[in-house]
>>> print(open('data.txt').read())   # compact mmCIF, C-alpha atoms (C1' of nucleotides)
# COMPACT_ATOMS: atom_id res chain seq x y z
CA MET A 224 134.61 127.53 152.33
CA GLU A 225 135.54 127.88 148.65
CA ALA A 226 136.80 124.31 148.35
CA TYR A 227 133.56 123.10 149.90
CA GLN A 228 131.64 125.21 147.42
CA GLU A 229 133.53 123.57 144.60
CA ASN A 230 132.96 120.09 146.01
CA ALA A 231 129.32 120.83 146.52
CA LYS A 232 128.94 121.27 142.76
CA VAL A 233 128.99 117.56 141.98
CA PHE A 234 126.41 116.87 144.65
CA LYS A 235 124.27 119.83 143.68
CA ALA A 236 123.93 118.15 140.33
CA LEU A 237 122.50 115.12 142.11
CA CYS A 238 120.05 116.81 144.42
CA ASP A 239 117.29 117.65 142.01
CA PRO A 240 114.69 114.99 141.15
CA LYS A 241 114.51 116.05 137.52
CA ARG A 242 118.24 115.73 137.10
CA LEU A 243 118.12 112.26 138.66
CA ALA A 244 115.44 111.33 136.16
CA ILE A 245 117.64 112.61 133.34
CA LEU A 246 120.59 110.55 134.61
CA GLU A 247 118.37 107.50 134.68
CA GLN A 248 117.55 108.04 131.02
CA LEU A 249 121.24 108.31 130.22
CA ARG A 250 122.01 105.02 131.93
CA SER A 251 120.62 103.22 128.92
CA GLY A 252 122.94 105.05 126.57
CA GLU A 253 123.64 108.31 124.84
CA LYS A 254 120.64 110.52 124.13
CA CYS A 255 120.17 113.80 122.37
CA ALA A 256 118.42 116.71 124.01
CA CYS A 257 115.20 116.35 122.08
CA VAL A 258 114.87 112.73 123.11
CA LEU A 259 115.60 113.50 126.74
CA GLN A 260 113.04 116.25 126.91
CA GLU A 261 110.15 114.30 125.46
CA PRO A 262 109.14 112.11 128.43
CA MET A 263 109.81 114.81 130.97
CA ASP A 264 107.82 117.70 132.33
CA LEU A 265 110.34 120.25 131.14
CA THR A 266 110.49 123.05 128.64
CA GLN A 267 113.33 123.21 126.13
CA SER A 268 115.05 125.91 128.11
CA GLY A 269 114.47 124.05 131.35
CA LEU A 270 116.17 120.95 130.02
CA SER A 271 119.06 123.01 128.75
CA TYR A 272 119.44 124.55 132.20
CA HIS A 273 119.65 121.13 133.87
CA MET A 274 121.98 119.68 131.24
CA ARG A 275 124.41 122.48 131.83
CA ILE A 276 124.49 121.73 135.55
CA LEU A 277 125.00 118.03 134.87
CA CYS A 278 127.82 118.75 132.41
CA ASP A 279 129.48 121.26 134.74
CA SER A 280 129.48 118.61 137.45
CA GLY A 281 131.49 116.29 135.22
CA LEU A 282 128.97 113.48 135.55
CA VAL A 283 127.74 113.97 132.00
CA VAL A 284 129.59 114.84 128.81
CA SER A 285 128.14 116.22 125.62
CA ARG A 286 128.94 115.69 121.99
CA GLN A 287 127.87 118.06 119.25
CA GLU A 288 126.71 116.62 115.95
CA GLY A 289 125.40 119.13 113.52
CA LYS A 290 122.62 120.94 115.28
CA TRP A 291 122.06 118.18 117.79
CA THR A 292 123.70 117.83 121.16
CA HIS A 293 124.14 114.32 122.51
CA TYR A 294 124.66 113.57 126.18
CA ARG A 295 126.09 110.56 127.95
CA LEU A 296 127.33 109.51 131.38
CA SER A 297 131.01 110.03 132.04
CA GLU A 298 132.90 107.18 133.65
CA SER A 299 135.60 109.44 135.02
CA GLY A 300 132.95 111.83 136.32
CA ARG A 301 131.36 108.96 138.20
CA ASN A 302 134.70 107.80 139.60
CA ASN A 303 135.57 111.30 140.76
CA ALA A 304 132.20 111.68 142.45
CA VAL A 305 132.60 108.41 144.32
CA LYS A 306 136.12 109.32 145.36
CA LEU A 307 134.92 112.69 146.59
CA LEU A 308 132.00 111.19 148.45
CA LEU A 309 134.29 108.76 150.24
CA ALA A 310 136.85 111.45 150.98
CA ILE A 311 134.21 113.61 152.56
CA THR A 312 132.47 110.99 154.66
CA THR A 313 135.23 108.64 155.76
CA PRO A 314 136.79 109.12 159.20
CA VAL A 315 140.45 110.08 159.06
CA ALA A 316 141.62 107.25 161.34
CA GLU A 317 140.47 104.86 164.01
CA GLN A 318 139.51 106.82 167.06
CA GLY A 319 137.63 106.34 170.28
CA ASP A 320 133.91 106.36 169.82
CA ARG A 321 133.33 109.14 172.30
CA CYS A 322 133.60 112.88 171.94
CA LEU A 323 136.57 113.80 174.06
CA SER A 324 136.56 117.51 173.43
CA CYS A 325 133.23 118.07 175.06
CA ASP A 326 133.89 117.04 178.64
CA ARG A 327 131.95 119.81 180.25
CA MET B 107 109.36 111.35 140.63
CA GLU B 108 108.85 110.39 144.29
CA ALA B 109 111.69 107.87 144.31
CA TYR B 110 113.99 110.48 142.84
CA GLN B 111 112.89 112.91 145.51
CA GLU B 112 113.79 110.37 148.17
CA ASN B 113 117.16 109.64 146.56
CA ALA B 114 117.88 113.31 146.25
CA LYS B 115 117.77 113.59 150.04
CA VAL B 116 121.19 112.07 150.59
CA PHE B 117 122.73 114.30 147.98
CA LYS B 118 120.90 117.37 149.23
CA ALA B 119 122.72 116.84 152.48
CA LEU B 120 125.98 117.08 150.56
CA CYS B 121 125.31 120.13 148.48
CA ASP B 122 125.70 122.86 151.05
CA PRO B 123 129.21 124.15 151.82
CA LYS B 124 128.46 124.51 155.53
CA ARG B 125 127.32 120.92 155.77
CA LEU B 126 130.46 119.77 154.00
CA ALA B 127 132.49 121.72 156.54
CA ILE B 128 130.55 120.04 159.34
CA LEU B 129 131.22 116.60 157.84
CA GLU B 130 134.90 117.45 157.68
CA GLN B 131 134.88 118.19 161.38
CA LEU B 132 133.19 114.87 162.05
CA ARG B 133 135.84 112.96 160.11
CA SER B 134 138.16 113.35 163.06
CA GLY B 135 135.66 111.79 165.44
CA GLU B 136 132.45 112.36 167.31
CA LYS B 137 131.65 115.93 168.25
CA CYS B 138 128.89 117.57 170.23
CA ALA B 139 126.86 120.42 168.82
CA CYS B 140 128.54 123.11 170.86
CA VAL B 141 131.98 122.03 169.64
CA LEU B 142 130.83 121.88 166.03
CA GLN B 143 129.31 125.32 166.15
CA GLU B 144 132.30 127.12 167.58
CA PRO B 145 134.60 127.35 164.54
CA MET B 146 131.74 127.96 162.14
CA ASP B 147 129.83 130.98 161.04
CA LEU B 148 126.54 129.59 162.29
CA THR B 149 124.01 130.43 164.94
CA GLN B 150 122.85 127.75 167.35
CA SER B 151 119.62 127.33 165.48
CA GLY B 152 121.40 127.33 162.16
CA LEU B 153 123.62 124.47 163.24
CA SER B 154 120.63 122.56 164.52
CA TYR B 155 118.95 123.00 161.13
CA HIS B 156 121.92 121.57 159.27
CA MET B 157 122.44 118.71 161.72
CA ARG B 158 118.88 117.62 161.17
CA ILE B 159 119.41 117.46 157.42
CA LEU B 160 122.61 115.49 157.87
CA CYS B 161 120.93 113.06 160.25
CA ASP B 162 117.88 112.66 158.02
CA SER B 163 120.20 111.77 155.16
CA GLY B 164 121.62 108.88 157.18
CA LEU B 165 125.18 110.12 156.75
CA VAL B 166 125.36 111.23 160.38
CA VAL B 167 123.96 109.68 163.54
CA SER B 168 123.38 111.39 166.85
CA ARG B 169 123.70 110.25 170.42
CA GLN B 170 122.01 112.01 173.30
CA GLU B 171 123.93 112.33 176.55
CA GLY B 172 122.21 114.43 179.14
CA LYS B 173 121.70 117.81 177.62
CA TRP B 174 124.36 117.31 174.99
CA THR B 175 123.86 115.84 171.55
CA HIS B 176 126.85 114.12 169.98
CA TYR B 177 127.17 113.55 166.27
CA ARG B 178 129.29 111.16 164.27
CA LEU B 179 129.64 109.80 160.74
CA SER B 180 127.69 106.67 159.97
CA GLU B 181 129.48 103.91 158.13
CA SER B 182 126.27 102.41 156.80
CA GLY B 183 125.09 105.84 155.76
CA ARG B 184 128.27 106.27 153.77
CA ASN B 185 127.95 102.85 152.17
CA ASN B 186 124.37 103.48 151.19
CA ALA B 187 125.28 106.81 149.66
CA VAL B 188 128.07 105.28 147.58
CA LYS B 189 125.79 102.47 146.47
CA LEU B 190 123.12 104.96 145.47
CA LEU B 191 125.60 107.16 143.64
CA LEU B 192 126.85 104.20 141.63
CA ALA B 193 123.34 102.95 140.94
CA ILE B 194 122.34 106.32 139.58
CA THR B 195 125.36 107.01 137.41
CA THR B 196 126.38 103.60 136.04
CA PRO B 197 125.18 102.57 132.59
CA VAL B 198 122.87 99.56 132.61
CA ALA B 199 124.90 97.54 130.09
CA GLU B 200 127.44 97.85 127.35
CA GLN B 201 125.88 99.67 124.46
CA GLY B 202 126.89 101.38 121.28
CA ASP B 203 128.41 104.79 121.86
CA ARG B 204 125.97 106.54 119.60
CA CYS B 205 122.48 107.75 120.19
CA LEU B 206 120.34 105.53 117.98
CA SER B 207 116.98 106.99 118.86
CA CYS B 208 117.73 110.37 117.40
CA ASP B 209 118.18 109.58 113.73
CA ARG B 210 116.40 112.59 112.42
C1' DA C 100 111.34 124.28 192.72
C1' DA C 101 113.97 127.81 190.45
C1' DA C 102 117.80 128.95 187.55
C1' DA C 103 121.03 127.88 184.02
C1' DC C 104 122.11 125.49 180.12
C1' DA C 105 122.04 122.74 175.46
C1' DT C 106 119.44 121.95 171.80
C1' DA C 107 115.13 121.84 168.97
C1' DT C 108 111.42 124.14 166.84
C1' DC C 109 108.85 127.93 164.82
C1' DA C 110 107.69 131.90 161.95
C1' DA C 111 109.42 135.60 159.24
C1' DA C 112 112.97 137.41 156.18
C1' DA C 113 116.74 136.75 152.99
C1' DA C 114 119.15 134.21 149.60
C1' DA C 115 119.61 130.74 146.14
C1' DA C 116 117.79 127.70 142.68
C1' DA C 117 114.32 126.44 139.26
C1' DT C 118 110.81 127.62 135.87
C1' DT C 119 108.99 130.27 132.06
C1' DG C 120 108.67 132.70 127.77
C1' DA C 121 111.27 135.45 124.65
C1' DT C 122 115.40 136.10 122.18
C1' DT C 123 119.87 134.68 120.34
C1' DT C 124 123.21 131.65 118.21
C1' DG C 125 124.70 128.51 115.01
C1' DA C 126 124.01 124.62 111.77
C1' DG C 127 121.74 122.85 107.63
C1' DG C 128 118.52 122.85 103.69
C1' DG C 129 116.30 125.00 99.98
C1' DC D 16 120.96 134.25 101.00
C1' DC D 17 116.82 133.21 103.52
C1' DC D 18 114.31 129.96 106.19
C1' DT D 19 113.95 126.36 109.57
C1' DC D 20 115.33 123.89 113.32
C1' DA D 21 118.04 122.51 117.86
C1' DA D 22 119.89 124.27 121.58
C1' DA D 23 121.75 128.09 124.58
C1' DT D 24 121.09 132.31 126.96
C1' DC D 25 118.56 136.04 129.20
C1' DA D 26 115.36 138.47 132.28
C1' DA D 27 111.41 138.07 135.11
C1' DT D 28 108.80 135.21 138.20
C1' DT D 29 108.02 131.43 141.26
C1' DT D 30 109.59 128.02 144.36
C1' DT D 31 112.76 126.13 147.59
C1' DT D 32 116.33 126.53 150.85
C1' DT D 33 118.83 128.94 154.30
C1' DT D 34 119.26 132.27 157.93
C1' DT D 35 117.74 134.72 161.95
C1' DG D 36 115.71 135.79 166.30
C1' DA D 37 112.33 134.31 169.53
C1' DT D 38 110.39 130.70 172.02
C1' DA D 39 109.82 125.84 173.61
C1' DT D 40 111.64 121.47 175.54
C1' DG D 41 114.15 118.83 178.39
C1' DT D 42 118.26 118.21 181.54
C1' DT D 43 121.27 119.35 185.22
C1' DT D 44 122.56 122.34 189.23
C1' DT D 45 121.69 124.83 193.16
>>> encode(input="data.txt", output="structure tokens")
Amino acid sequence: MEAYQENAKVFKALCDPKRLAILEQLRSGEKCACVLQEPMDLTQSGLSYHMRILCDSGLVVSRQEGKWTHYRLSESGRNNAVKLLLAITTPVAEQGDRCLSCDR
Amino acid sequence: MEAYQENAKVFKALCDPKRLAILEQLRSGEKCACVLQEPMDLTQSGLSYHMRILCDSGLVVSRQEGKWTHYRLSESGRNNAVKLLLAITTPVAEQGDRCLSCDR
DNA sequence: AAAACATATCAAAAAAAATTGATTTGAGGG
DNA sequence: CCCTCAAATCAATTTTTTTTGATATGTTTT
């Protein structure tokens, strides 16, 4: 179950509406925390909490510049997520449509 | 925020370790509920709860056969999820690397 | 029609995640 | 240095999700 827990991390990052809204903002380019927070219903500490989850997932990377932190989408993070999604949801091989094990 | 909520649904399905374990079982072909439950640390009602979330997400489809319910991975569900993941995490266009808005 | 069975649903409890406000850390600027 | 500012962390609270046990629904078997 530990591997699943680890895999779940990327998707956990994606299953909160506020984090999806943050990602949408990042699609148009790198943004610093203060800019991200502005249009959103989030406190400073709330944004920081979500940014950490996004960074931990690998989907977002941060860059420090003086006292500002800038965030942007990570291409490799995206590719890994897609790979993982496919790995998890793609059948292993062509099989009969029917459940054979349950012949009771 | 409503659209994000709706999008989050697919990813919510993927962010629980037990549901990932269920998906893994389904990769090797259609299974009925009783078969899925067996190797997992889940009560009957617990499995039913998770199967509903997986089905609602579109990643899994179910087929009724007498008193048994059979579940399998959905190809279109998978494709939609990948499309959504890419849509959410891909930059809109090529832009400068730097955050221009935050020039304070 | 009654009994047995598979699964779904419900309500309550437990566990996990998100929010909030306060405090800390660390980088500049006077 | 001291002060200010951006962001991170912490502890307490609130909200959401998951689990559990009991009950309901619908199907097959006798």
>>> interface_residues(input="data.txt", of="chain B", to="chain C", cutoff="12 Å", atoms="all atoms listed in the file", output="MDAnalysis selection string")
chainID B and resid 122 138:141 143 149:158 170:176
>>> interface_residues(input="data.txt", of="chain D", to="chain A", cutoff="10 Å", atoms="all atoms listed in the file", output="list in words")
DC20, DA21, DA22, DA23 and DT24 of chain D
>>> calpha_fit_and_write(input="data.txt", fixed="chain B", moving="chain A", output="short mmCIF file (atom, residue, chain, number, x, y, z; two decimals) with C-alpha atoms, in the frame of the given file")
data_model
loop_
_atom_site.label_atom_id
_atom_site.label_comp_id
_atom_site.auth_asym_id
_atom_site.auth_seq_id
_atom_site.Cartn_x
_atom_site.Cartn_y
_atom_site.Cartn_z
CA MET A 224 109.40 111.44 140.63
CA GLU A 225 108.86 110.50 144.29
CA ALA A 226 111.65 107.93 144.33
CA TYR A 227 113.98 110.52 142.83
CA GLN A 228 112.90 112.96 145.51
CA GLU A 229 113.77 110.42 148.15
CA ASN A 230 117.13 109.66 146.56
CA ALA A 231 117.87 113.32 146.23
CA LYS A 232 117.77 113.62 150.02
CA VAL A 233 121.18 112.07 150.58
CA PHE A 234 122.73 114.32 147.97
CA LYS A 235 120.90 117.39 149.20
CA ALA A 236 122.71 116.85 152.45
CA LEU A 237 125.98 117.08 150.55
CA CYS A 238 125.31 120.12 148.44
CA ASP A 239 125.72 122.85 151.00
CA PRO A 240 129.23 124.14 151.80
CA LYS A 241 128.47 124.51 155.49
CA ARG A 242 127.31 120.93 155.75
CA LEU A 243 130.48 119.77 153.99
CA ALA A 244 132.49 121.72 156.53
CA ILE A 245 130.56 120.04 159.33
CA LEU A 246 131.23 116.59 157.83
CA GLU A 247 134.90 117.44 157.66
CA GLN A 248 134.88 118.19 161.38
CA LEU A 249 133.20 114.86 162.05
CA ARG A 250 135.85 112.96 160.12
CA SER A 251 138.17 113.35 163.07
CA GLY A 252 135.67 111.81 165.43
CA GLU A 253 132.47 112.34 167.33
CA LYS A 254 131.65 115.92 168.28
CA CYS A 255 128.90 117.54 170.25
CA ALA A 256 126.86 120.39 168.85
CA CYS A 257 128.54 123.09 170.88
CA VAL A 258 131.95 122.03 169.65
CA LEU A 259 130.81 121.87 166.05
CA GLN A 260 129.29 125.31 166.14
CA GLU A 261 132.28 127.11 167.58
CA PRO A 262 134.57 127.35 164.52
CA MET A 263 131.73 127.95 162.13
CA ASP A 264 129.81 130.99 161.02
CA LEU A 265 126.52 129.61 162.26
CA THR A 266 123.99 130.43 164.92
CA GLN A 267 122.82 127.73 167.32
CA SER A 268 119.58 127.33 165.44
CA GLY A 269 121.39 127.32 162.12
CA LEU A 270 123.62 124.47 163.20
CA SER A 271 120.63 122.55 164.48
CA TYR A 272 118.93 123.01 161.11
CA HIS A 273 121.92 121.57 159.24
CA MET A 274 122.44 118.71 161.68
CA ARG A 275 118.88 117.61 161.17
CA ILE A 276 119.39 117.46 157.41
CA LEU A 277 122.61 115.50 157.85
CA CYS A 278 120.93 113.05 160.24
CA ASP A 279 117.88 112.65 158.00
CA SER A 280 120.21 111.77 155.14
CA GLY A 281 121.63 108.88 157.15
CA LEU A 282 125.19 110.11 156.75
CA VAL A 283 125.37 111.22 160.37
CA VAL A 284 123.97 109.68 163.53
CA SER A 285 123.40 111.37 166.85
CA ARG A 286 123.71 110.21 170.41
CA GLN A 287 122.07 111.97 173.32
CA GLU A 288 123.98 112.27 176.57
CA GLY A 289 122.29 114.32 179.20
CA LYS A 290 121.66 117.68 177.65
CA TRP A 291 124.32 117.26 175.01
CA THR A 292 123.85 115.81 171.56
CA HIS A 293 126.85 114.11 169.99
CA TYR A 294 127.18 113.55 166.26
CA ARG A 295 129.31 111.16 164.27
CA LEU A 296 129.65 109.81 160.73
CA SER A 297 127.69 106.68 159.97
CA GLU A 298 129.49 103.92 158.12
CA SER A 299 126.30 102.41 156.78
CA GLY A 300 125.10 105.85 155.73
CA ARG A 301 128.29 106.30 153.75
CA ASN A 302 127.98 102.86 152.15
CA ASN A 303 124.37 103.50 151.17
CA ALA A 304 125.29 106.84 149.64
CA VAL A 305 128.06 105.30 147.56
CA LYS A 306 125.79 102.49 146.44
CA LEU A 307 123.12 104.99 145.46
CA LEU A 308 125.58 107.18 143.63
CA LEU A 309 126.83 104.23 141.61
CA ALA A 310 123.32 102.98 140.94
CA ILE A 311 122.32 106.35 139.59
CA THR A 312 125.33 107.04 137.41
CA THR A 313 126.35 103.65 136.06
CA PRO A 314 125.16 102.60 132.60
CA VAL A 315 122.84 99.61 132.66
CA ALA A 316 124.88 97.56 130.17
CA GLU A 317 127.42 97.83 127.41
CA GLN A 318 125.88 99.66 124.52
CA GLY A 319 126.94 101.39 121.35
CA ASP A 320 128.41 104.78 121.95
CA ARG A 321 125.99 106.55 119.67
CA CYS A 322 122.46 107.75 120.24
CA LEU A 323 120.36 105.51 118.07
CA SER A 324 116.98 106.94 118.92
CA CYS A 325 117.72 110.32 117.45
CA ASP A 326 118.26 109.51 113.79
CA ARG A 327 116.42 112.48 112.43
#
>>> residues_near_point(input="data.txt", point="(128.6, 117.6, 140.2)", cutoff="10 Å", atoms="all atoms listed in the file", output="list in words")
Glu229, Asn230, Ala231, Lys232, Val233, Phe234, Lys235, Ala236, Leu237, Cys238, Ile276, Leu277, Cys278, Asp279, Ser280, Gly281, Leu282, Val283, Gly300, Arg301, Asn303 and Ala304 of chain A; Cys121 of chain B
>>> write_last_selection(input="data.txt", atoms="C-alpha atoms", output="PDB file, in the coordinates of the input")
ATOM      1  CA  GLU A 229     133.530 123.570 144.600  1.00  0.00           C
ATOM      2  CA  ASN A 230     132.960 120.090 146.010  1.00  0.00           C
ATOM      3  CA  ALA A 231     129.320 120.830 146.520  1.00  0.00           C
ATOM      4  CA  LYS A 232     128.940 121.270 142.760  1.00  0.00           C
ATOM      5  CA  VAL A 233     128.990 117.560 141.980  1.00  0.00           C
ATOM      6  CA  PHE A 234     126.410 116.870 144.650  1.00  0.00           C
ATOM      7  CA  LYS A 235     124.270 119.830 143.680  1.00  0.00           C
ATOM      8  CA  ALA A 236     123.930 118.150 140.330  1.00  0.00           C
ATOM      9  CA  LEU A 237     122.500 115.120 142.110  1.00  0.00           C
ATOM     10  CA  CYS A 238     120.050 116.810 144.420  1.00  0.00           C
ATOM     11  CA  ILE A 276     124.490 121.730 135.550  1.00  0.00           C
ATOM     12  CA  LEU A 277     125.000 118.030 134.870  1.00  0.00           C
ATOM     13  CA  CYS A 278     127.820 118.750 132.410  1.00  0.00           C
ATOM     14  CA  ASP A 279     129.480 121.260 134.740  1.00  0.00           C
ATOM     15  CA  SER A 280     129.480 118.610 137.450  1.00  0.00           C
ATOM     16  CA  GLY A 281     131.490 116.290 135.220  1.00  0.00           C
ATOM     17  CA  LEU A 282     128.970 113.480 135.550  1.00  0.00           C
ATOM     18  CA  VAL A 283     127.740 113.970 132.000  1.00  0.00           C
ATOM     19  CA  GLY A 300     132.950 111.830 136.320  1.00  0.00           C
ATOM     20  CA  ARG A 301     131.360 108.960 138.200  1.00  0.00           C
ATOM     21  CA  ASN A 303     135.570 111.300 140.760  1.00  0.00           C
ATOM     22  CA  ALA A 304     132.200 111.680 142.450  1.00  0.00           C
TER      23      ALA A 304
ATOM     24  CA  CYS B 121     125.310 120.130 148.480  1.00  0.00           C
TER      25      CYS B 121
END
>>> atom_distance(input="data.txt", atom1="atom CA of Ala193 of chain B", atom2="atom CA of Leu243 of chain A")
10.9 Å
>>> build_atoms(input="data.txt", residues="segment 281-303 of chain A", atoms="N, CA and C atoms", output="PDB file, keeping the file's coordinate frame")
ATOM      1  N   GLY A 281     130.590 117.321 135.721  1.00  0.00           N
ATOM      2  CA  GLY A 281     131.490 116.290 135.220  1.00  0.00           C
ATOM      3  C   GLY A 281     130.842 114.920 135.103  1.00  0.00           C
ATOM      4  N   LEU A 282     129.630 114.784 135.588  1.00  0.00           N
ATOM      5  CA  LEU A 282     128.970 113.480 135.550  1.00  0.00           C
ATOM      6  C   LEU A 282     128.482 113.138 134.150  1.00  0.00           C
ATOM      7  N   VAL A 283     128.259 114.161 133.354  1.00  0.00           N
ATOM      8  CA  VAL A 283     127.740 113.970 132.000  1.00  0.00           C
ATOM      9  C   VAL A 283     128.656 114.707 131.027  1.00  0.00           C
ATOM     10  N   VAL A 284     128.852 114.126 129.847  1.00  0.00           N
ATOM     11  CA  VAL A 284     129.590 114.840 128.810  1.00  0.00           C
ATOM     12  C   VAL A 284     128.702 114.970 127.580  1.00  0.00           C
ATOM     13  N   SER A 285     128.970 115.991 126.789  1.00  0.00           N
ATOM     14  CA  SER A 285     128.140 116.220 125.620  1.00  0.00           C
ATOM     15  C   SER A 285     128.976 116.126 124.354  1.00  0.00           C
ATOM     16  N   ARG A 286     128.292 115.836 123.280  1.00  0.00           N
ATOM     17  CA  ARG A 286     128.940 115.690 121.990  1.00  0.00           C
ATOM     18  C   ARG A 286     128.055 116.382 120.965  1.00  0.00           C
ATOM     19  N   GLN A 287     128.631 117.309 120.238  1.00  0.00           N
ATOM     20  CA  GLN A 287     127.870 118.060 119.250  1.00  0.00           C
ATOM     21  C   GLN A 287     127.878 117.303 117.932  1.00  0.00           C
ATOM     22  N   GLU A 288     126.750 117.253 117.276  1.00  0.00           N
ATOM     23  CA  GLU A 288     126.710 116.620 115.950  1.00  0.00           C
ATOM     24  C   GLU A 288     125.728 117.400 115.107  1.00  0.00           C
ATOM     25  N   GLY A 289     126.273 118.241 114.273  1.00  0.00           N
ATOM     26  CA  GLY A 289     125.400 119.130 113.520  1.00  0.00           C
ATOM     27  C   GLY A 289     124.655 120.004 114.503  1.00  0.00           C
ATOM     28  N   LYS A 290     123.359 120.086 114.346  1.00  0.00           N
ATOM     29  CA  LYS A 290     122.620 120.940 115.280  1.00  0.00           C
ATOM     30  C   LYS A 290     122.173 120.194 116.529  1.00  0.00           C
ATOM     31  N   TRP A 291     122.472 118.910 116.596  1.00  0.00           N
ATOM     32  CA  TRP A 291     122.060 118.180 117.790  1.00  0.00           C
ATOM     33  C   TRP A 291     123.170 118.081 118.835  1.00  0.00           C
ATOM     34  N   THR A 292     122.754 118.077 120.084  1.00  0.00           N
ATOM     35  CA  THR A 292     123.700 117.830 121.160  1.00  0.00           C
ATOM     36  C   THR A 292     123.349 116.495 121.795  1.00  0.00           C
ATOM     37  N   HIS A 293     124.352 115.636 121.902  1.00  0.00           N
ATOM     38  CA  HIS A 293     124.140 114.320 122.510  1.00  0.00           C
ATOM     39  C   HIS A 293     124.808 114.276 123.865  1.00  0.00           C
ATOM     40  N   TYR A 294     124.140 113.641 124.825  1.00  0.00           N
ATOM     41  CA  TYR A 294     124.660 113.570 126.180  1.00  0.00           C
ATOM     42  C   TYR A 294     124.864 112.125 126.603  1.00  0.00           C
ATOM     43  N   ARG A 295     125.935 111.904 127.380  1.00  0.00           N
ATOM     44  CA  ARG A 295     126.090 110.560 127.950  1.00  0.00           C
ATOM     45  C   ARG A 295     126.816 110.647 129.288  1.00  0.00           C
ATOM     46  N   LEU A 296     126.672 109.598 130.068  1.00  0.00           N
ATOM     47  CA  LEU A 296     127.330 109.510 131.380  1.00  0.00           C
ATOM     48  C   LEU A 296     128.833 109.447 131.174  1.00  0.00           C
ATOM     49  N   SER A 297     129.556 110.059 132.094  1.00  0.00           N
ATOM     50  CA  SER A 297     131.010 110.030 132.040  1.00  0.00           C
ATOM     51  C   SER A 297     131.546 109.090 133.118  1.00  0.00           C
ATOM     52  N   GLU A 298     132.353 108.137 132.680  1.00  0.00           N
ATOM     53  CA  GLU A 298     132.900 107.180 133.650  1.00  0.00           C
ATOM     54  C   GLU A 298     133.831 107.876 134.636  1.00  0.00           C
ATOM     55  N   SER A 299     134.661 108.766 134.112  1.00  0.00           N
ATOM     56  CA  SER A 299     135.600 109.440 135.020  1.00  0.00           C
ATOM     57  C   SER A 299     134.846 110.383 135.961  1.00  0.00           C
ATOM     58  N   GLY A 300     133.778 110.988 135.456  1.00  0.00           N
ATOM     59  CA  GLY A 300     132.950 111.830 136.320  1.00  0.00           C
ATOM     60  C   GLY A 300     132.394 111.028 137.479  1.00  0.00           C
ATOM     61  N   ARG A 301     131.914 109.832 137.160  1.00  0.00           N
ATOM     62  CA  ARG A 301     131.360 108.960 138.200  1.00  0.00           C
ATOM     63  C   ARG A 301     132.449 108.595 139.209  1.00  0.00           C
ATOM     64  N   ASN A 302     133.626 108.198 138.697  1.00  0.00           N
ATOM     65  CA  ASN A 302     134.700 107.800 139.600  1.00  0.00           C
ATOM     66  C   ASN A 302     135.127 108.957 140.511  1.00  0.00           C
ATOM     67  N   ASN A 303     135.212 110.136 139.942  1.00  0.00           N
ATOM     68  CA  ASN A 303     135.570 111.300 140.760  1.00  0.00           C
ATOM     69  C   ASN A 303     134.537 111.550 141.848  1.00  0.00           C
TER      70      ASN A 303
END
